[in-house]
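Report on the following structure.
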Amino acid sequence: MVGADGTPNFAPPNPHYRSLMPTVLITGGAGFIGSHVVRRFVQRYPETTIVNVDALTYAGNLENLADVDQAANYRFERVDIRDAAAVQDLVDRYQPDGIIHLAAESHVDRSISDPMAFVETNVIGTVNLLNAARTAWAGAMEGKRFYHISTDEVFGALGAEGFFTEETPYSPNSPYSASKASSDHFVRAYHETYGLPIVISNCSNNYGPNHFPEKLIPLMIHNIIEGKLLPVYGDGKYTRDWLYVKDHASAIDTVYHNGRNGETYCIGGWNEWQNIDLVHLLCRTMDAKLGRPEGDCAKLITFVKDRPGHDKRYAIDATKIHRELGWKPSVTFEQGLSETIDWYLSNETWLRNVTSGAYLDYYSAQYGA
Ligand code: NAD
Ligand code: DAU
């Protein structure tokens, strides 16, 4: 079926539709992490209806799900979570057993130039979902679950030592992390005040296939392919803890099914890299894969103006999720990075489609090139 605006619409025709199968709504399912979560749930839980709820912003791309969108247990609903009435209607129609909430404005640099978009989607959109779940589940919260996907950025910046844990106080430094911190507080408050069955996880930096090339790793891969300069912010000595996206999807599966109500779980890769070392690793790996002389890609590295309020270091202590739920990362960084680069090299059409038009305007506004 095609909706009035020409986009695919697989909404059930009957407004009183109620699937006999358990139903899970996954918001942001057309984005980077969301698409890996949707694929995993569609394939692993054929007896569960998986509804991908996404507004298809610049970051949402149904091509990410081309391999599962014909599955019998998959539905797509184009809904903007900023629209409270549309969100309530959606939740009333599906009466989901669970909501896994990933939809968000996710890029720190965009939050610096347009903070309100982050307030509207990340804060108000989340509260719209909480209100809809609370109304739909009134008097019947047992067995329901609202799972909010958050970030380690809510904790602020670490010095050279130490790790973020579930006990680390919130100290967000960017409009993006402030909006995610605010949404985390609302989710927790709906648990305390209304007894909404919630769980939250705070994850470190993800990488992998389908990552939009505004973020460090896919941007560098794309620029290397194109022979463009590789813009490293400041001195490049900022540190991030990288986790392969499929490992994050497996952690989300674990927390959704086995996490304790009202709890928070930190998820990370035990895999810290300074940006400049990571970019050099990418350059060496891509020299080899592209058959370029050693050192060729690294000639493209250029140090550019720093990000305002740039957090020095993130690193997660993922002991709790390992101890309580048995989850740990399964993919080494070398393996994950190699698979990621191979994916970009063999998905040229995907890359070309997402780096045309509005992307070029964004790129020249951000990097002046
Ligand atoms: P993304 O930007 O790739 O995808 C976001 C998705 O949300 C897109 O499909 C977009 O269309 C959709 N969306 C945006 N605004 C919407 C709206 N108003 N209504 C409905 N849909 C909307 O993001 P991502 O990197 O996949 O991140 C997903 C979630 O995970 C976010 O909540 C983010 O804060 C969190 N997270 C991301 C990372 C990371 O490294 N990428 C790490 C930890 C946590
Ligand atoms: O930690 C989890 C967070 O990781 C998520 O919540 C965010 O949604 C996600 O975007 C990511 O945030 P970062 O700001 O850490 O990711 P980004 O890829 O934008 O930047 C990673 C590091 O690389 C950071 O120190 C800034 C630097 N950088 C980034 C870009 C885009 C550069 O040096 N040059 C660049 O061009």
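Ligands are numbered from 1 in the order shown, chains are lettered A, B, ... in the order of the structure tokens, and residues start at 1 in each chain.
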When the cut-off is 7 Å and you count only C-alpha atoms and all ligand atoms, which residues lie near ligand 1, shown as a VMD selection string? chain A and resid 27 to 34 53 to 61 79 to 82 102 to 107 121 125 149 to 152 180 202 to 207 211 to 212
May I have a table of the residues of chain A lying at most 9 Å from ligand 2, giving each one's closest pair of atoms and their distance in Å to one decimal, counting only C-alpha atoms and all ligand atoms, ordered by chain and ascending residue number, as a Markdown table?
| residue | atom | partner | partner_atom_place_in_ligand_line | distance |
| --- | --- | --- | --- | --- |
| A:Ala104 | CA | ligand 2 | 8 (O) | 8.5 |
| A:Glu105 | CA | ligand 2 | 8 (O) | 7.8 |
| A:Ser106 | CA | ligand 2 | 8 (O) | 4.1 |
| A:His107 | CA | ligand 2 | 10 (O) | 4.6 |
| A:Val108 | CA | ligand 2 | 14 (O) | 5.3 |
| A:Asp109 | CA | ligand 2 | 19 (O) | 6.8 |
| A:Ser150 | CA | ligand 2 | 6 (O) | 6.9 |
| A:Thr151 | CA | ligand 2 | 6 (O) | 4.4 |
| A:Asp152 | CA | ligand 2 | 1 (O) | 5.2 |
| A:Glu153 | CA | ligand 2 | 1 (O) | 5.2 |
| A:Val154 | CA | ligand 2 | 6 (O) | 8.3 |
| A:Tyr176 | CA | ligand 2 | 8 (O) | 8.0 |
| A:Ser177 | CA | ligand 2 | 6 (O) | 7.2 |
| A:Lys180 | CA | ligand 2 | 6 (O) | 8.3 |
| A:Asn202 | CA | ligand 2 | 2 (C) | 8.3 |
| A:Cys203 | CA | ligand 2 | 2 (C) | 6.1 |
| A:Ser204 | CA | ligand 2 | 1 (O) | 4.2 |
| A:Asn205 | CA | ligand 2 | 4 (O) | 4.0 |
| A:Asn206 | CA | ligand 2 | 4 (O) | 6.6 |
| A:Tyr207 | CA | ligand 2 | 18 (O) | 8.7 |
| A:Pro213 | CA | ligand 2 | 31 (C) | 8.2 |
| A:Glu214 | CA | ligand 2 | 31 (C) | 5.5 |
| A:Lys215 | CA | ligand 2 | 18 (O) | 3.6 |
| A:Leu216 | CA | ligand 2 | 18 (O) | 3.7 |
| A:Ile217 | CA | ligand 2 | 18 (O) | 6.5 |
| A:Pro218 | CA | ligand 2 | 18 (O) | 8.3 |
| A:Leu219 | CA | ligand 2 | 31 (C) | 6.7 |
| A:Met220 | CA | ligand 2 | 36 (O) | 7.5 |
| A:Leu230 | CA | ligand 2 | 36 (O) | 7.3 |
| A:Pro231 | CA | ligand 2 | 36 (O) | 5.0 |
| A:Val232 | CA | ligand 2 | 33 (O) | 3.7 |
| A:Tyr233 | CA | ligand 2 | 33 (O) | 3.7 |
| A:Gly234 | CA | ligand 2 | 33 (O) | 7.1 |
| A:Asp235 | CA | ligand 2 | 33 (O) | 8.6 |
| A:Gly236 | CA | ligand 2 | 33 (O) | 6.1 |
| A:Lys237 | CA | ligand 2 | 25 (O) | 8.1 |
| A:Tyr238 | CA | ligand 2 | 25 (O) | 5.1 |
| A:Thr239 | CA | ligand 2 | 25 (O) | 6.4 |
| A:Arg240 | CA | ligand 2 | 15 (O) | 6.3 |
| A:Asp241 | CA | ligand 2 | 1 (O) | 7.4 |
| A:Trp242 | CA | ligand 2 | 1 (O) | 8.3 |
| A:Gln274 | CA | ligand 2 | 25 (O) | 8.2 |
| A:Asn275 | CA | ligand 2 | 23 (O) | 5.7 |
| A:Ile276 | CA | ligand 2 | 33 (O) | 7.8 |
| A:Val279 | CA | ligand 2 | 33 (O) | 8.9 |
| A:Phe303 | CA | ligand 2 | 33 (O) | 8.1 |
| A:Val304 | CA | ligand 2 | 33 (O) | 8.0 |
| A:Asp306 | CA | ligand 2 | 33 (O) | 7.8 |
| A:Arg307 | CA | ligand 2 | 26 (C) | 7.1 |
| A:His310 | CA | ligand 2 | 25 (O) | 6.8 |
| A:Asp311 | CA | ligand 2 | 25 (O) | 6.9 |
| A:Lys312 | CA | ligand 2 | 25 (O) | 7.2 |
| A:Arg313 | CA | ligand 2 | 25 (O) | 7.9 |
| A:Tyr314 | CA | ligand 2 | 1 (O) | 6.8 |
| A:Ala315 | CA | ligand 2 | 1 (O) | 8.6 |
| A:Gln366 | CA | ligand 2 | 36 (O) | 8.7 |
| A:Tyr367 | CA | ligand 2 | 36 (O) | 7.9 |
Which of these, A:Lys289, A:Glu226, A:Trp273, A:Gly295, has the shortest distance to A:Glu348 once you count only C-alpha atoms?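 Checking each of A:Lys289, A:Glu226, A:Trp273, A:Gly295 against A:Glu348, counting only C-alpha atoms, the winner is A:Glu226.
From atom CA of A:Phe163 back to atom CA of A:Ala251, the distance works out to 18.9 Å.
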Just the strand (DSSP E or B) stuff from stretch 254-343 of chain A, please, per backbone DSSP, written as a list of chain:residue names.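 Those residues are A:Thr264, A:Tyr265, A:Cys266, A:Ile267, A:Glu272, A:Trp273, A:Gln274, A:Ile301, A:Thr302, A:Phe303, A:Val304, A:Arg313, A:Ile316.
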Using only C-alpha atoms, can you tell me which of A:Tyr265, A:Tyr244, A:Phe186, A:Tyr363 comes closest to A:Glu166?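 That would be A:Tyr265, the residue with the smallest distance to A:Glu166.
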